[in-house]
Amino acid sequence: MDILFFGITKDIVGAAQIQLLEEKGKPTTVASLKSFLCQKYPEMAKLSSLAVAVNSAYAQEDTPINNNDEVAIIPPVSGG
Amino acid sequence: MDILFFGITKDIVGAAQIQLLEEKGKPTTVASLKSFLCQKYPEMAKLSSLAVAVNSAYAQEDTPINNNDEVAIIPPVSGG
Amino acid sequence: MIKILSIVDTIDPGTVYAALAHPKSGGICVFVGTVREFTDEQQVVGLEFETYEKMALKEMDKIAEEAIAKWQLNNVVIQHAVGKKGVMEPVVIVGASSAHRPECFEACRFLIDTLKATVPIWKKEMFKDKSVWVSAHP
Amino acid sequence: MIKILSIVDTIDPGTVYAALAHPKSGGICVFVGTVREFTDEQQVVGLEFETYEKMALKEMDKIAEEAIAKWQLNNVVIQHAVGKKGVMEPVVIVGASSAHRPECFEACRFLIDTLKATVPIWKKEMFKDKSVWVSAHP
């Protein structure tokens with residue numbers, strides 16, 4: 001599963017994209033992905049907010065994520 | 001005294017400017033000028049509103065008008 | 001603070017941005033009035049504007065000053081065209097720039113609303129077979 | 001009905017008028033966001049924007065459709081720039097045209113407010129000695 005990072009999350013992770021390999025404990029919902037990331041990258045837990053887009057649309061906490069979804073991490077937006 | 005006309009009042013009078021000669025009964029306030037004009041040009045009385053500018057500023061009904069003032073008749077404005 | 005007030009033959013919306021951009025401005029709001037093809041389902045061939053220019057500029061200045069007193073603005077533009085204008089052509093442009101967006105939006109709306117109410121400019125709607133001074137009669 | 005949604009390198013405010021003018025429109029309202037020189041009294045050298053373009057265009061489309069459903073609009077434009085922008089440069093432009101002016105003003109304000117809240121675009125403020133992702137931290 002590929003995960004895209006933007007803005008400050010790209011800086012925190014040090015990459016625009018990472019791949020989560022198949023393994024036990026791989027997150028299967030938005031909520032579990034977020035807690036997985038915040039544990040792995042403690043700086044991510046300090047952000048004002050953290051949203052996740054699944055297939056380029058905002059997802060809910062309980063939205064499932066599958067291997068072929070395009071998953072993106074959305075830190076606080078600041079366009080305009 | 002010269003009086004300037006704009007918009008529909010120019011069409012009613014048939015001139016952009018008329019000169020009121022010195023004579024008895026010449027209007028000396030905005031109010032008397034307006035009633036003078038509405039009597040002379042009955043179409044002017046039918047307008048939605050009729051304002052008068054003295055020296056290029058909106059004047060009140062009781063504003064005096066003198067020979068060397070620039071007096072203008074302001075029918076309903078419709079800019080924009 | 002730049003204040004541009006003018007009666008012009010032709011309005012070029014693209015040029016007002018240079019006038020409104022300002023290092024202290026984060027927002028620019030601009031309103032352009034254009035000629036509509038239909039009024040009450042009657043087809044409009046064009047509009048013709050005339051003005052009492054000396055007084056119009058004074059009234060525009062009053063409006064600009066009132067806006068500047070009311071909101072924290074950097075630049076203000078009020079331009080109105082005169083002469084004949086065809087469908088889709090711009091006839092008036094007003095704009096303001098400010099540090100944050102609420103101010104420029106509110107000021108811009110105030111500028112056009114007040115211009116329409118007080119600035120001595122008159123508009124004749126030209127239809128195929130007649131022409132009418134707008135708002136002249138009740 | 002023309003709807004222009006795009007992520008661009010450079011915004012040219014002058015060109016959006018051609019896109020917004022419409023025979024049925026009497027009013028066009030446009031908002032341009034520009035780079036301010038100071039944030040909390042700190043001098044800004046420039047801003048740098050990045051986006052998740054595929055999603056940004058989808059979110060812009062949602063905003064445009066919501067505006068079209070809410071107000072009687074003829075045309076809508078939403079453009080955002082990416083890359084580095086210097087002081088006074090435009091970074092975003094939104095606009096709408098409608099028969100009468102209240103609709104285009106309200107829609108224009110809605111477009112920019114909603115864009116700022118939902119469209120995945122990120123802004124880094126570059127100061128002389130540091131750079132900061134805006135709004136990232138509480």
# chains A, B, ... in the order shown; residues from 1 in each chain; ligands from 1

call {"tool": "calpha_fit_and_write", "arguments": {"fixed": "chain C", "moving": "chain D", "output": "short mmCIF file (atom, residue, chain, number, x, y, z; two decimals) with N, CA and C atoms, in the first residue's frame"}}
result
data_model
loop_
_atom_site.label_atom_id
_atom_site.label_comp_id
_atom_site.auth_asym_id
_atom_site.auth_seq_id
_atom_site.Cartn_x
_atom_site.Cartn_y
_atom_site.Cartn_z
N MET D 1 -1.18 54.24 0.27
CA MET D 1 -2.58 54.37 -0.10
C MET D 1 -2.71 54.99 -1.47
N ILE D 2 -3.23 54.22 -2.42
CA ILE D 2 -3.48 54.74 -3.76
C ILE D 2 -4.99 54.76 -3.96
N LYS D 3 -5.48 55.87 -4.50
CA LYS D 3 -6.92 56.04 -4.74
C LYS D 3 -7.04 56.45 -6.19
N ILE D 4 -7.68 55.61 -6.99
CA ILE D 4 -7.85 55.93 -8.41
C ILE D 4 -9.33 56.11 -8.69
N LEU D 5 -9.69 57.30 -9.11
CA LEU D 5 -11.09 57.63 -9.40
C LEU D 5 -11.12 58.20 -10.79
N SER D 6 -11.92 57.63 -11.66
CA SER D 6 -11.95 58.21 -13.00
C SER D 6 -13.17 57.85 -13.81
N ILE D 7 -13.46 58.75 -14.75
CA ILE D 7 -14.46 58.53 -15.78
C ILE D 7 -13.66 58.24 -17.04
N VAL D 8 -13.94 57.11 -17.67
CA VAL D 8 -13.10 56.68 -18.80
C VAL D 8 -13.99 56.28 -19.98
N ASP D 9 -13.37 56.17 -21.14
CA ASP D 9 -14.11 55.69 -22.31
C ASP D 9 -14.21 54.17 -22.29
N THR D 10 -13.12 53.54 -21.87
CA THR D 10 -13.08 52.08 -21.90
C THR D 10 -12.45 51.56 -20.61
N ILE D 11 -13.06 50.52 -20.05
CA ILE D 11 -12.54 49.92 -18.82
C ILE D 11 -11.75 48.67 -19.16
N ASP D 12 -10.54 48.60 -18.63
CA ASP D 12 -9.71 47.41 -18.85
C ASP D 12 -9.46 46.75 -17.49
N PRO D 13 -10.28 45.72 -17.17
CA PRO D 13 -10.18 45.12 -15.84
C PRO D 13 -8.77 44.64 -15.50
N GLY D 14 -8.05 44.18 -16.51
CA GLY D 14 -6.71 43.64 -16.24
C GLY D 14 -5.75 44.65 -15.63
N THR D 15 -5.96 45.92 -15.96
CA THR D 15 -4.99 46.91 -15.49
C THR D 15 -5.22 47.36 -14.05
N VAL D 16 -6.43 47.11 -13.51
CA VAL D 16 -6.67 47.61 -12.16
C VAL D 16 -5.90 46.82 -11.10
N TYR D 17 -5.45 45.61 -11.44
CA TYR D 17 -4.71 44.82 -10.46
C TYR D 17 -3.39 45.46 -10.09
N ALA D 18 -2.70 46.01 -11.08
CA ALA D 18 -1.45 46.70 -10.80
C ALA D 18 -1.72 47.84 -9.82
N ALA D 19 -2.88 48.48 -9.97
CA ALA D 19 -3.22 49.60 -9.10
C ALA D 19 -3.61 49.12 -7.70
N LEU D 20 -4.16 47.92 -7.60
CA LEU D 20 -4.68 47.45 -6.31
C LEU D 20 -3.67 46.61 -5.53
N ALA D 21 -2.71 46.02 -6.21
CA ALA D 21 -1.72 45.20 -5.50
C ALA D 21 -0.89 46.09 -4.58
N HIS D 22 -0.56 45.56 -3.41
CA HIS D 22 0.14 46.35 -2.40
C HIS D 22 0.86 45.39 -1.47
N PRO D 23 2.08 45.72 -1.05
CA PRO D 23 2.84 44.80 -0.18
C PRO D 23 2.10 44.44 1.12
N LYS D 24 1.24 45.35 1.58
CA LYS D 24 0.53 45.07 2.84
C LYS D 24 -0.82 44.41 2.60
N SER D 25 -1.15 44.13 1.33
CA SER D 25 -2.44 43.53 1.02
C SER D 25 -2.31 42.02 0.81
N GLY D 26 -3.20 41.28 1.44
CA GLY D 26 -3.30 39.86 1.19
C GLY D 26 -4.50 39.56 0.31
N GLY D 27 -5.39 40.54 0.16
CA GLY D 27 -6.61 40.32 -0.61
C GLY D 27 -7.00 41.53 -1.45
N ILE D 28 -7.49 41.22 -2.64
CA ILE D 28 -8.01 42.25 -3.55
C ILE D 28 -9.40 41.78 -3.98
N CYS D 29 -10.40 42.64 -3.80
CA CYS D 29 -11.73 42.29 -4.29
C CYS D 29 -12.14 43.32 -5.33
N VAL D 30 -12.62 42.82 -6.45
CA VAL D 30 -12.99 43.69 -7.57
C VAL D 30 -14.39 43.31 -8.05
N PHE D 31 -15.19 44.33 -8.31
CA PHE D 31 -16.49 44.10 -8.94
C PHE D 31 -16.50 44.81 -10.29
N VAL D 32 -16.96 44.10 -11.31
CA VAL D 32 -17.11 44.69 -12.64
C VAL D 32 -18.58 44.59 -13.04
N GLY D 33 -19.15 45.70 -13.42
CA GLY D 33 -20.51 45.69 -13.96
C GLY D 33 -20.42 45.59 -15.48
N THR D 34 -21.20 44.70 -16.05
CA THR D 34 -21.16 44.50 -17.50
C THR D 34 -22.57 44.62 -18.08
N VAL D 35 -22.64 44.81 -19.38
CA VAL D 35 -23.93 44.99 -20.04
C VAL D 35 -24.61 43.64 -20.22
N ARG D 36 -25.83 43.55 -19.68
CA ARG D 36 -26.63 42.33 -19.83
C ARG D 36 -27.47 42.40 -21.10
N GLU D 37 -27.68 41.24 -21.69
CA GLU D 37 -28.39 41.21 -22.97
C GLU D 37 -29.90 41.42 -22.82
N PHE D 38 -30.43 41.05 -21.66
CA PHE D 38 -31.89 41.14 -21.49
C PHE D 38 -32.26 41.91 -20.22
N THR D 39 -33.29 42.77 -20.35
CA THR D 39 -33.90 43.44 -19.20
C THR D 39 -35.37 43.10 -19.27
N ASP D 40 -35.87 42.44 -18.26
CA ASP D 40 -37.28 42.03 -18.25
C ASP D 40 -37.68 41.35 -19.57
N GLU D 41 -36.80 40.48 -20.03
CA GLU D 41 -37.04 39.71 -21.26
C GLU D 41 -37.04 40.52 -22.55
N GLN D 42 -36.66 41.79 -22.44
CA GLN D 42 -36.50 42.59 -23.66
C GLN D 42 -35.04 42.60 -24.03
N GLN D 43 -34.74 42.40 -25.31
CA GLN D 43 -33.35 42.34 -25.73
C GLN D 43 -32.72 43.73 -25.79
N VAL D 44 -31.59 43.87 -25.11
CA VAL D 44 -30.88 45.14 -25.05
C VAL D 44 -29.80 45.15 -26.14
N VAL D 45 -29.81 46.20 -26.95
CA VAL D 45 -28.78 46.33 -27.98
C VAL D 45 -27.50 46.88 -27.36
N GLY D 46 -27.67 47.78 -26.42
CA GLY D 46 -26.51 48.36 -25.74
C GLY D 46 -26.96 49.37 -24.71
N LEU D 47 -26.00 49.92 -23.99
CA LEU D 47 -26.29 50.95 -23.00
C LEU D 47 -25.51 52.20 -23.40
N GLU D 48 -26.07 53.35 -23.05
CA GLU D 48 -25.31 54.57 -23.27
C GLU D 48 -25.27 55.35 -21.96
N PHE D 49 -24.05 55.72 -21.56
CA PHE D 49 -23.87 56.41 -20.29
C PHE D 49 -23.44 57.84 -20.51
N GLU D 50 -23.99 58.73 -19.68
CA GLU D 50 -23.43 60.07 -19.63
C GLU D 50 -23.26 60.48 -18.18
N THR D 51 -22.45 61.48 -17.94
CA THR D 51 -22.17 61.88 -16.57
C THR D 51 -21.97 63.38 -16.46
N TYR D 52 -22.09 63.84 -15.25
CA TYR D 52 -21.71 65.22 -14.91
C TYR D 52 -20.36 65.04 -14.24
N GLU D 53 -19.32 65.07 -15.06
CA GLU D 53 -18.03 64.54 -14.64
C GLU D 53 -17.44 65.20 -13.40
N LYS D 54 -17.50 66.51 -13.37
CA LYS D 54 -16.91 67.23 -12.24
C LYS D 54 -17.52 66.76 -10.91
N MET D 55 -18.86 66.65 -10.92
CA MET D 55 -19.55 66.22 -9.70
C MET D 55 -19.35 64.73 -9.45
N ALA D 56 -19.32 63.94 -10.53
CA ALA D 56 -19.15 62.49 -10.38
C ALA D 56 -17.82 62.19 -9.67
N LEU D 57 -16.78 62.89 -10.06
CA LEU D 57 -15.47 62.64 -9.44
C LEU D 57 -15.48 63.03 -7.96
N LYS D 58 -16.18 64.12 -7.65
CA LYS D 58 -16.30 64.53 -6.24
C LYS D 58 -17.07 63.48 -5.43
N GLU D 59 -18.17 62.96 -6.02
CA GLU D 59 -18.96 61.96 -5.30
C GLU D 59 -18.18 60.66 -5.16
N MET D 60 -17.42 60.29 -6.20
CA MET D 60 -16.59 59.09 -6.10
C MET D 60 -15.56 59.26 -4.98
N ASP D 61 -15.03 60.46 -4.86
CA ASP D 61 -14.03 60.70 -3.82
C ASP D 61 -14.66 60.58 -2.43
N LYS D 62 -15.89 61.08 -2.29
CA LYS D 62 -16.60 60.93 -0.99
C LYS D 62 -16.75 59.46 -0.65
N ILE D 63 -17.13 58.65 -1.64
CA ILE D 63 -17.34 57.22 -1.41
C ILE D 63 -16.03 56.55 -1.02
N ALA D 64 -14.97 56.89 -1.74
CA ALA D 64 -13.66 56.29 -1.44
C ALA D 64 -13.23 56.67 -0.03
N GLU D 65 -13.39 57.95 0.33
CA GLU D 65 -12.97 58.40 1.66
C GLU D 65 -13.81 57.74 2.75
N GLU D 66 -15.08 57.56 2.47
CA GLU D 66 -15.95 56.92 3.46
C GLU D 66 -15.51 55.46 3.66
N ALA D 67 -15.15 54.79 2.57
CA ALA D 67 -14.69 53.40 2.67
C ALA D 67 -13.37 53.33 3.44
N ILE D 68 -12.48 54.27 3.15
CA ILE D 68 -11.17 54.29 3.81
C ILE D 68 -11.33 54.55 5.31
N ALA D 69 -12.32 55.36 5.65
CA ALA D 69 -12.56 55.65 7.07
C ALA D 69 -13.19 54.45 7.78
N LYS D 70 -13.92 53.64 7.02
CA LYS D 70 -14.70 52.55 7.61
C LYS D 70 -13.89 51.26 7.71
N TRP D 71 -13.05 51.01 6.71
CA TRP D 71 -12.28 49.77 6.70
C TRP D 71 -10.79 50.08 6.56
N GLN D 72 -9.97 49.14 6.97
CA GLN D 72 -8.52 49.28 6.84
C GLN D 72 -8.14 48.86 5.42
N LEU D 73 -8.05 49.84 4.52
CA LEU D 73 -7.79 49.52 3.12
C LEU D 73 -6.43 50.04 2.69
N ASN D 74 -5.84 49.37 1.73
CA ASN D 74 -4.60 49.90 1.17
C ASN D 74 -4.87 50.72 -0.09
N ASN D 75 -5.57 50.12 -1.04
CA ASN D 75 -5.85 50.83 -2.29
C ASN D 75 -7.33 50.76 -2.63
N VAL D 76 -7.79 51.79 -3.33
CA VAL D 76 -9.19 51.83 -3.78
C VAL D 76 -9.24 52.29 -5.24
N VAL D 77 -10.05 51.62 -6.04
CA VAL D 77 -10.26 52.04 -7.43
C VAL D 77 -11.76 52.17 -7.70
N ILE D 78 -12.15 53.28 -8.31
CA ILE D 78 -13.53 53.45 -8.80
C ILE D 78 -13.42 54.05 -10.21
N GLN D 79 -13.86 53.31 -11.19
CA GLN D 79 -13.84 53.80 -12.57
C GLN D 79 -15.19 53.55 -13.20
N HIS D 80 -15.71 54.54 -13.91
CA HIS D 80 -16.95 54.33 -14.64
C HIS D 80 -16.75 54.76 -16.08
N ALA D 81 -17.34 54.00 -16.99
CA ALA D 81 -17.22 54.33 -18.42
C ALA D 81 -18.36 55.22 -18.85
N VAL D 82 -18.16 55.99 -19.89
CA VAL D 82 -19.23 56.75 -20.55
C VAL D 82 -19.26 56.38 -22.02
N GLY D 83 -20.35 56.76 -22.67
CA GLY D 83 -20.51 56.43 -24.10
C GLY D 83 -21.30 55.15 -24.28
N LYS D 84 -21.29 54.65 -25.50
CA LYS D 84 -22.08 53.45 -25.81
C LYS D 84 -21.30 52.18 -25.52
N LYS D 85 -21.98 51.22 -24.89
CA LYS D 85 -21.35 49.94 -24.56
C LYS D 85 -22.24 48.80 -25.04
N GLY D 86 -21.62 47.80 -25.62
CA GLY D 86 -22.36 46.65 -26.11
C GLY D 86 -22.46 45.55 -25.07
N VAL D 87 -23.26 44.54 -25.35
CA VAL D 87 -23.46 43.40 -24.45
C VAL D 87 -22.11 42.80 -24.06
N MET D 88 -21.95 42.49 -22.79
CA MET D 88 -20.75 41.90 -22.18
C MET D 88 -19.62 42.91 -21.92
N GLU D 89 -19.77 44.11 -22.42
CA GLU D 89 -18.69 45.09 -22.17
C GLU D 89 -18.75 45.60 -20.73
N PRO D 90 -17.59 45.85 -20.12
CA PRO D 90 -17.58 46.42 -18.77
C PRO D 90 -17.97 47.89 -18.79
N VAL D 91 -18.77 48.30 -17.81
CA VAL D 91 -19.18 49.70 -17.72
C VAL D 91 -18.70 50.36 -16.43
N VAL D 92 -18.44 49.55 -15.43
CA VAL D 92 -17.96 50.10 -14.16
C VAL D 92 -17.04 49.08 -13.51
N ILE D 93 -16.04 49.58 -12.81
CA ILE D 93 -15.18 48.68 -12.03
C ILE D 93 -14.86 49.38 -10.71
N VAL D 94 -15.04 48.62 -9.62
CA VAL D 94 -14.65 49.14 -8.31
C VAL D 94 -13.84 48.05 -7.63
N GLY D 95 -12.89 48.44 -6.82
CA GLY D 95 -12.08 47.44 -6.14
C GLY D 95 -11.35 48.03 -4.96
N ALA D 96 -10.97 47.14 -4.04
CA ALA D 96 -10.23 47.56 -2.86
C ALA D 96 -9.27 46.44 -2.47
N SER D 97 -8.17 46.82 -1.87
CA SER D 97 -7.26 45.81 -1.34
C SER D 97 -7.00 46.08 0.13
N SER D 98 -6.80 44.98 0.87
CA SER D 98 -6.64 45.09 2.32
C SER D 98 -5.79 43.92 2.81
N ALA D 99 -5.33 44.02 4.05
CA ALA D 99 -4.48 42.96 4.61
C ALA D 99 -5.24 41.63 4.60
N HIS D 100 -6.49 41.66 5.04
CA HIS D 100 -7.29 40.43 5.15
C HIS D 100 -8.56 40.57 4.32
N ARG D 101 -9.17 39.42 3.96
CA ARG D 101 -10.22 39.50 2.95
C ARG D 101 -11.56 40.09 3.36
N PRO D 102 -12.00 39.98 4.62
CA PRO D 102 -13.33 40.54 4.90
C PRO D 102 -13.43 42.03 4.55
N GLU D 103 -12.39 42.78 4.85
CA GLU D 103 -12.39 44.23 4.60
C GLU D 103 -12.55 44.54 3.12
N CYS D 104 -11.79 43.86 2.26
CA CYS D 104 -11.88 44.25 0.84
C CYS D 104 -13.22 43.82 0.24
N PHE D 105 -13.78 42.70 0.70
CA PHE D 105 -15.11 42.30 0.21
C PHE D 105 -16.16 43.33 0.63
N GLU D 106 -16.18 43.67 1.91
CA GLU D 106 -17.20 44.61 2.39
C GLU D 106 -17.05 45.97 1.73
N ALA D 107 -15.80 46.42 1.61
CA ALA D 107 -15.57 47.73 1.00
C ALA D 107 -16.00 47.73 -0.47
N CYS D 108 -15.70 46.65 -1.16
CA CYS D 108 -16.02 46.57 -2.60
C CYS D 108 -17.53 46.64 -2.80
N ARG D 109 -18.27 45.92 -1.97
CA ARG D 109 -19.73 45.95 -2.06
C ARG D 109 -20.27 47.35 -1.74
N PHE D 110 -19.69 47.97 -0.74
CA PHE D 110 -20.09 49.33 -0.37
C PHE D 110 -19.82 50.30 -1.53
N LEU D 111 -18.66 50.16 -2.16
CA LEU D 111 -18.29 51.07 -3.25
C LEU D 111 -19.33 51.02 -4.38
N ILE D 112 -19.69 49.82 -4.81
CA ILE D 112 -20.62 49.73 -5.94
C ILE D 112 -22.04 50.13 -5.53
N ASP D 113 -22.46 49.71 -4.34
CA ASP D 113 -23.82 50.07 -3.90
C ASP D 113 -23.97 51.59 -3.79
N THR D 114 -22.95 52.22 -3.22
CA THR D 114 -23.05 53.67 -3.01
C THR D 114 -22.90 54.42 -4.33
N LEU D 115 -22.00 53.94 -5.18
CA LEU D 115 -21.86 54.56 -6.51
C LEU D 115 -23.20 54.58 -7.23
N LYS D 116 -23.89 53.45 -7.20
CA LYS D 116 -25.18 53.37 -7.91
C LYS D 116 -26.21 54.33 -7.33
N ALA D 117 -26.08 54.63 -6.04
CA ALA D 117 -27.08 55.48 -5.38
C ALA D 117 -26.78 56.96 -5.51
N THR D 118 -25.53 57.33 -5.62
CA THR D 118 -25.21 58.75 -5.48
C THR D 118 -24.44 59.41 -6.62
N VAL D 119 -23.68 58.63 -7.40
CA VAL D 119 -22.82 59.28 -8.40
C VAL D 119 -23.64 59.69 -9.62
N PRO D 120 -23.53 60.96 -10.04
CA PRO D 120 -24.35 61.45 -11.15
C PRO D 120 -23.89 60.88 -12.50
N ILE D 121 -24.42 59.69 -12.78
CA ILE D 121 -24.19 59.00 -14.05
C ILE D 121 -25.56 58.50 -14.48
N TRP D 122 -25.82 58.61 -15.77
CA TRP D 122 -27.14 58.20 -16.27
C TRP D 122 -26.98 57.20 -17.38
N LYS D 123 -27.87 56.23 -17.36
CA LYS D 123 -27.79 55.10 -18.28
C LYS D 123 -29.05 55.04 -19.13
N LYS D 124 -28.86 54.95 -20.43
CA LYS D 124 -30.00 54.79 -21.34
C LYS D 124 -29.91 53.38 -21.89
N GLU D 125 -30.99 52.63 -21.73
CA GLU D 125 -31.04 51.29 -22.32
C GLU D 125 -31.54 51.41 -23.75
N MET D 126 -30.75 50.86 -24.68
CA MET D 126 -31.15 50.91 -26.07
C MET D 126 -31.68 49.55 -26.50
N PHE D 127 -32.98 49.55 -26.86
CA PHE D 127 -33.61 48.34 -27.39
C PHE D 127 -33.68 48.49 -28.90
N LYS D 128 -34.18 47.46 -29.57
CA LYS D 128 -34.23 47.54 -31.04
C LYS D 128 -35.00 48.75 -31.52
N ASP D 129 -36.14 49.03 -30.87
CA ASP D 129 -37.04 50.05 -31.42
C ASP D 129 -37.26 51.25 -30.49
N LYS D 130 -36.53 51.29 -29.38
CA LYS D 130 -36.71 52.45 -28.49
C LYS D 130 -35.51 52.54 -27.56
N SER D 131 -35.44 53.63 -26.83
CA SER D 131 -34.42 53.71 -25.78
C SER D 131 -35.03 54.38 -24.56
N VAL D 132 -34.58 53.94 -23.38
CA VAL D 132 -35.22 54.35 -22.12
C VAL D 132 -34.16 54.75 -21.10
N TRP D 133 -34.35 55.93 -20.50
CA TRP D 133 -33.47 56.33 -19.39
C TRP D 133 -33.83 55.48 -18.16
N VAL D 134 -32.88 54.73 -17.67
CA VAL D 134 -33.16 53.79 -16.58
C VAL D 134 -33.50 54.53 -15.29
N SER D 135 -34.53 54.04 -14.60
CA SER D 135 -34.97 54.57 -13.28
C SER D 135 -35.57 55.96 -13.32
N ALA D 136 -35.71 56.53 -14.51
CA ALA D 136 -36.19 57.92 -14.57
C ALA D 136 -37.62 58.05 -14.05
N HIS D 137 -38.45 57.05 -14.37
CA HIS D 137 -39.86 57.13 -13.96
C HIS D 137 -40.21 56.08 -12.91
N PRO D 138 -41.22 56.38 -12.10
CA PRO D 138 -41.59 55.44 -11.03
C PRO D 138 -42.08 54.11 -11.60
#

call {"tool": "interface_residues", "arguments": {"of": "chain A", "to": "chain D", "cutoff": "7 Å", "atoms": "only C-alpha atoms", "output": "NGL selection string"}}
result
:A and (7-8 or 46-48 or 56-57 or 75-80)

call {"tool": "write_last_selection", "arguments": {"atoms": "C-alpha atoms", "output": "short mmCIF file (atom, residue, chain, number, x, y, z; two decimals), in the first residue's frame"}}
result
data_model
loop_
_atom_site.label_atom_id
_atom_site.label_comp_id
_atom_site.auth_asym_id
_atom_site.auth_seq_id
_atom_site.Cartn_x
_atom_site.Cartn_y
_atom_site.Cartn_z
CA GLY A 7 3.27 19.72 3.22
CA ILE A 8 4.72 19.31 6.67
CA LYS A 46 1.69 17.42 17.21
CA LEU A 47 -0.10 18.83 14.18
CA SER A 48 -3.29 20.92 14.47
CA SER A 56 -8.46 11.54 -3.51
CA ALA A 57 -11.50 12.23 -1.33
CA PRO A 75 -2.02 17.99 7.18
CA PRO A 76 -3.87 21.28 7.89
CA VAL A 77 -4.56 22.89 4.50
CA SER A 78 -3.46 26.50 4.01
CA GLY A 79 -4.26 27.54 0.47
CA GLY A 80 -5.24 31.06 -0.50
#

call {"tool": "residues_around", "arguments": {"residues": "Gln19 (chain A)", "least_positions_apart": "2", "cutoff": "12 Å", "atoms": "only C-alpha atoms", "output": "PyMOL selection string"}}
result
chain A and resi 1-5+13+15-17+21-23+26+67-68+70-72

call {"tool": "write_last_selection", "arguments": {"atoms": "N, CA, C and O atoms", "output": "CSV table (one decimal), in the first residue's frame"}}
result
chain,number,residue,atom,x,y,z
A,1,MET,N,0.8,-1.2,0.0
A,1,MET,CA,0.0,0.0,0.0
A,1,MET,C,0.9,1.3,0.0
A,1,MET,O,1.7,1.4,0.8
A,2,ASP,N,0.6,2.1,-1.0
A,2,ASP,CA,1.4,3.4,-1.1
A,2,ASP,C,0.7,4.5,-0.3
A,2,ASP,O,-0.5,4.6,-0.5
A,3,ILE,N,1.5,5.3,0.4
A,3,ILE,CA,0.9,6.4,1.1
A,3,ILE,C,1.6,7.7,0.7
A,3,ILE,O,2.8,7.7,0.7
A,4,LEU,N,0.8,8.7,0.3
A,4,LEU,CA,1.4,9.9,-0.2
A,4,LEU,C,1.4,10.9,1.0
A,4,LEU,O,0.5,11.0,1.8
A,5,PHE,N,2.5,11.7,1.0
A,5,PHE,CA,2.6,12.8,2.1
A,5,PHE,C,2.7,14.1,1.4
A,5,PHE,O,3.4,14.3,0.4
A,13,VAL,N,8.2,12.9,7.4
A,13,VAL,CA,8.5,11.5,7.0
A,13,VAL,C,9.8,11.5,6.2
A,13,VAL,O,10.5,10.5,6.2
A,15,ALA,N,9.9,11.9,3.0
A,15,ALA,CA,9.6,11.3,1.6
A,15,ALA,C,8.2,11.7,1.2
A,15,ALA,O,7.3,12.0,2.1
A,16,ALA,N,7.9,11.8,-0.1
A,16,ALA,CA,6.6,12.2,-0.6
A,16,ALA,C,5.7,10.9,-0.6
A,16,ALA,O,4.5,11.0,-0.8
A,17,GLN,N,6.3,9.8,-0.5
A,17,GLN,CA,5.6,8.5,-0.7
A,17,GLN,C,6.3,7.4,0.1
A,17,GLN,O,7.5,7.3,0.0
A,21,LEU,N,4.4,-2.5,3.5
A,21,LEU,CA,4.4,-3.8,3.0
A,21,LEU,C,3.3,-4.7,3.7
A,21,LEU,O,2.9,-4.3,4.8
A,22,GLU,N,2.9,-5.7,3.1
A,22,GLU,CA,2.0,-6.6,3.7
A,22,GLU,C,2.6,-7.2,4.9
A,22,GLU,O,3.7,-7.7,4.9
A,23,GLU,N,1.9,-7.1,6.0
A,23,GLU,CA,2.5,-7.7,7.2
A,23,GLU,C,1.4,-7.7,8.3
A,23,GLU,O,0.4,-7.0,8.1
A,26,LYS,N,-0.8,-4.3,9.7
A,26,LYS,CA,-0.9,-3.2,8.8
A,26,LYS,C,-2.3,-2.6,9.0
A,26,LYS,O,-3.3,-3.3,9.1
A,67,ASN,N,-5.4,-2.4,-0.3
A,67,ASN,CA,-4.1,-2.4,-0.9
A,67,ASN,C,-4.0,-1.5,-2.2
A,67,ASN,O,-3.0,-0.9,-2.4
A,68,ASN,N,-5.1,-1.5,-2.9
A,68,ASN,CA,-5.0,-0.7,-4.2
A,68,ASN,C,-5.7,0.7,-4.1
A,68,ASN,O,-5.9,1.3,-5.1
A,70,GLU,N,-5.6,4.7,-3.3
A,70,GLU,CA,-4.6,5.7,-3.2
A,70,GLU,C,-4.8,6.5,-1.9
A,70,GLU,O,-5.9,7.1,-1.7
A,71,VAL,N,-3.9,6.4,-1.0
A,71,VAL,CA,-4.1,6.9,0.3
A,71,VAL,C,-3.1,8.1,0.5
A,71,VAL,O,-2.0,8.0,0.2
A,72,ALA,N,-3.7,9.2,1.0
A,72,ALA,CA,-2.9,10.4,1.1
A,72,ALA,C,-3.1,11.0,2.5
A,72,ALA,O,-4.2,11.1,3.0

call {"tool": "atom_distance", "arguments": {"atom1": "CA of Cys38 (chain A)", "atom2": "CA of Asp62 (chain A)"}}
result
16.8 Å

call {"tool": "atom_distance", "arguments": {"atom1": "CA of Tyr41 (chain A)", "atom2": "CA of Pro64 (chain A)"}}
result
21.6 Å

call {"tool": "select_by_dssp", "arguments": {"residues": "chain B", "states": "helix (DSSP H, G or I)", "output": "list in words"}}
result
Gly7, Ile8, Thr9, Lys10, Asp11, Ile12, Val13, Val30, Ala31, Ser32, Leu33, Lys34, Ser35, Phe36, Leu37, Cys38, Gln39, Lys40, Pro42, Glu43, Met44, Ala45 and Lys46 of chain B
